[in-house]
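For reference, the structure is listed below as structure tokens.
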Amino acid sequence: MNSTIFKRRAADSLTLYVFIGVLFAVGVVFGALAVHALTLEQQQNLSGDLDRFIRMMEAGMFPDEAETFWDRFFFYGKWIGLIGVLGMTVVGLPLVLALDFLKGSLVGFAIGTVVSEHGWKGIVFSLASVVPPNMIVVPAIVIASAAAISFALHVIRYRLLQSKGRLLPAFVSLCTMLGFMLLAVTAAALVEAYVSPALMRWAAPMLG
């Protein structure tokens with residue numbers, strides 16, 4: 001009996017992770033294509049901002065590491081916290097999915113902007129700038145989203161529809177998972193503050 005329940009929950013979790021992953025991937029594609037939907041003036045402004053940013057990096061003008069860390073930590077932390085709160089409210093379930101799509105769109109837009117301006121060199125620069133922190137942030141957001149959605153579905157299934165089952169274990173499981181994901185985005189903030197600048201300093205001359 002327990003084995004059957006475990007297999008069913010594992011299958012449900014896998015399906016949920018695949019769905020969120022596909023939604024994120026669609027967001028990446030949408031964000032990359034959105035670059036080409038900009039007007040000529042918007043593209044020129046974006047290109048100018050990117051060129052100024054690259055010149056600053058070539059000159060070694062990076063923001064303070066500690067300031068960058070705390071800025072990114074609070075940004076990612078609020079993202080994880082918002083996902084958790086939306087899951088707890090149950091009615092915020094669609095917004096959790098919207099945040100996953102939005103995150104994918106932001107990543108796709110960032111990569112698409114650099115690649116559209118600099119071709120294959122932009123891919124290398126994206127691997128040095130956008131990819132490293134997002135290798136941690138994206139899985140953390142996906143896992144937090146899956147936990148929040150699972151909690152909301154648990155409430156709907158066992159409290160709203162059947163009026164049975166304990167809510168506390170599911171709530172504790174969600175909070176624990178969110179806590180671990182906060183630790184993960186802390187690591188991502190460290191990467192973005194102390195590792196990414198060195199990688200971008202190395203890759204910036206390629207775009208010059």
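For the structure tokens, the naming scheme is as follows: chains receive sequential letters (A, B, ...) according to their order of presentation, residues are indexed from 1 within each chain, and ligands are indexed from 1 in presentation order.
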* To do: Tell me which protein, DNA and RNA residues are within 12 Å of segment 55-69 of chain A, counting only C-alpha atoms, leaving out same-chain ones fewer than 6 positions away, and put them as a PyMOL selection string.
  => chain A and resi 48-49+75-77+125+129+133+185-208
Would you write out those residues with N, CA and C atoms, as an mmCIF file, in the first residue's frame?
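Saved as result.cif:
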```cif
data_model
loop_
_atom_site.group_PDB
_atom_site.id
_atom_site.type_symbol
_atom_site.label_atom_id
_atom_site.label_comp_id
_atom_site.auth_asym_id
_atom_site.auth_seq_id
_atom_site.Cartn_x
_atom_site.Cartn_y
_atom_site.Cartn_z
ATOM 1 N N GLY A 48 22.753 50.205 -27.636
ATOM 2 C CA GLY A 48 23.598 51.215 -27.007
ATOM 3 C C GLY A 48 23.853 50.909 -25.543
ATOM 4 N N ASP A 49 22.817 50.484 -24.833
ATOM 5 C CA ASP A 49 22.986 50.119 -23.420
ATOM 6 C C ASP A 49 23.935 48.941 -23.267
ATOM 7 N N PHE A 75 16.503 39.952 -4.365
ATOM 8 C CA PHE A 75 15.680 39.791 -5.570
ATOM 9 C C PHE A 75 15.229 38.340 -5.721
ATOM 10 N N TYR A 76 16.188 37.418 -5.672
ATOM 11 C CA TYR A 76 15.840 36.000 -5.807
ATOM 12 C C TYR A 76 15.024 35.515 -4.612
ATOM 13 N N GLY A 77 15.360 36.008 -3.425
ATOM 14 C CA GLY A 77 14.622 35.606 -2.233
ATOM 15 C C GLY A 77 13.163 36.011 -2.304
ATOM 16 N N PHE A 125 29.511 34.923 -24.603
ATOM 17 C CA PHE A 125 29.338 35.896 -23.535
ATOM 18 C C PHE A 125 28.149 35.529 -22.644
ATOM 19 N N SER A 129 27.971 35.053 -18.619
ATOM 20 C CA SER A 129 27.259 36.046 -17.813
ATOM 21 C C SER A 129 25.898 35.577 -17.329
ATOM 22 N N PRO A 133 24.758 31.940 -12.884
ATOM 23 C CA PRO A 133 23.819 32.032 -11.755
ATOM 24 C C PRO A 133 22.496 31.337 -12.031
ATOM 25 N N VAL A 185 19.433 29.965 -3.759
ATOM 26 C CA VAL A 185 19.566 31.262 -4.416
ATOM 27 C C VAL A 185 20.621 32.122 -3.731
ATOM 28 N N THR A 186 20.914 31.837 -2.459
ATOM 29 C CA THR A 186 22.042 32.511 -1.805
ATOM 30 C C THR A 186 23.338 32.158 -2.516
ATOM 31 N N ALA A 187 23.483 30.877 -2.862
ATOM 32 C CA ALA A 187 24.655 30.449 -3.628
ATOM 33 C C ALA A 187 24.678 31.105 -4.999
ATOM 34 N N ALA A 188 23.509 31.243 -5.617
ATOM 35 C CA ALA A 188 23.436 31.900 -6.923
ATOM 36 C C ALA A 188 23.844 33.362 -6.832
ATOM 37 N N ALA A 189 23.428 34.033 -5.760
ATOM 38 C CA ALA A 189 23.803 35.437 -5.554
ATOM 39 C C ALA A 189 25.311 35.567 -5.372
ATOM 40 N N LEU A 190 25.919 34.609 -4.682
ATOM 41 C CA LEU A 190 27.379 34.606 -4.524
ATOM 42 C C LEU A 190 28.065 34.440 -5.874
ATOM 43 N N VAL A 191 27.541 33.541 -6.693
ATOM 44 C CA VAL A 191 28.114 33.334 -8.028
ATOM 45 C C VAL A 191 28.005 34.600 -8.857
ATOM 46 N N GLU A 192 26.839 35.245 -8.807
ATOM 47 C CA GLU A 192 26.627 36.445 -9.611
ATOM 48 C C GLU A 192 27.484 37.616 -9.135
ATOM 49 N N ALA A 193 27.779 37.650 -7.844
ATOM 50 C CA ALA A 193 28.557 38.764 -7.294
ATOM 51 C C ALA A 193 30.055 38.570 -7.434
ATOM 52 N N TYR A 194 30.537 37.325 -7.296
ATOM 53 C CA TYR A 194 31.981 37.102 -7.212
ATOM 54 C C TYR A 194 32.564 36.283 -8.363
ATOM 55 N N VAL A 195 31.735 35.511 -9.057
ATOM 56 C CA VAL A 195 32.245 34.664 -10.138
ATOM 57 C C VAL A 195 31.919 35.256 -11.507
ATOM 58 N N SER A 196 30.674 35.656 -11.697
ATOM 59 C CA SER A 196 30.252 36.185 -13.000
ATOM 60 C C SER A 196 31.071 37.384 -13.470
ATOM 61 N N PRO A 197 31.422 38.349 -12.587
ATOM 62 C CA PRO A 197 32.233 39.480 -13.066
ATOM 63 C C PRO A 197 33.559 39.045 -13.686
ATOM 64 N N ALA A 198 34.217 38.050 -13.085
ATOM 65 C CA ALA A 198 35.485 37.576 -13.638
ATOM 66 C C ALA A 198 35.272 36.927 -14.995
ATOM 67 N N LEU A 199 34.194 36.158 -15.126
ATOM 68 C CA LEU A 199 33.897 35.519 -16.405
ATOM 69 C C LEU A 199 33.548 36.547 -17.472
ATOM 70 N N MET A 200 32.778 37.568 -17.082
ATOM 71 C CA MET A 200 32.409 38.600 -18.054
ATOM 72 C C MET A 200 33.613 39.448 -18.438
ATOM 73 N N ARG A 201 34.511 39.691 -17.492
ATOM 74 C CA ARG A 201 35.727 40.440 -17.798
ATOM 75 C C ARG A 201 36.572 39.682 -18.823
ATOM 76 N N TRP A 202 36.551 38.359 -18.727
ATOM 77 C CA TRP A 202 37.283 37.535 -19.695
ATOM 78 C C TRP A 202 36.607 37.537 -21.063
ATOM 79 N N ALA A 203 35.258 37.504 -21.079
ATOM 80 C CA ALA A 203 34.533 37.373 -22.331
ATOM 81 C C ALA A 203 34.270 38.706 -23.034
ATOM 82 N N ALA A 204 34.293 39.815 -22.302
ATOM 83 C CA ALA A 204 33.944 41.115 -22.874
ATOM 84 C C ALA A 204 34.815 41.520 -24.068
ATOM 85 N N PRO A 205 36.154 41.301 -24.040
ATOM 86 C CA PRO A 205 36.963 41.704 -25.201
ATOM 87 C C PRO A 205 36.542 41.021 -26.503
ATOM 88 N N MET A 206 35.914 39.863 -26.418
ATOM 89 C CA MET A 206 35.474 39.178 -27.620
ATOM 90 C C MET A 206 34.400 39.969 -28.356
ATOM 91 N N LEU A 207 33.649 40.795 -27.607
ATOM 92 C CA LEU A 207 32.574 41.562 -28.206
ATOM 93 C C LEU A 207 33.014 42.952 -28.638
ATOM 94 N N GLY A 208 34.239 43.301 -28.325
ATOM 95 C CA GLY A 208 34.720 44.629 -28.628
ATOM 96 C C GLY A 208 34.862 44.868 -30.133
#
```
The distance between atom CA of Phe30 of chain A and atom CA of Ser105 of chain A is 5.9 Å
**OP:** Skip Leu99 of chain A itself and residues of its chain fewer than 6 positions away, then list as a PyMOL selection string all residues within 10 Å of it, counting only C-alpha atoms.
**Re:** chain A and resi 24+27+79+82-83+105+141+145
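If you measure from each of A:Val142, A:Leu153, A:Val85, A:Ala147 to Val18 of chain A using only C-alpha atoms, the closest one turns out to be A:Val142.
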Separating atom CA of Ala152 of chain A from atom CA of Val29 of chain A, to the nearest tenth of an Å, is a gap of 28.0 Å
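Comparing the minimum interatomic distances between Leu183 of chain A and each of A:Ser47, A:Leu106, A:His36, A:Val137, counting only C-alpha atoms, we find that A:Val137 sits nearest.
Closest approach to Ala98 of chain A among A:Val26, A:Ile156, A:Val115, A:Ala140: A:Val26, based on only C-alpha atoms.
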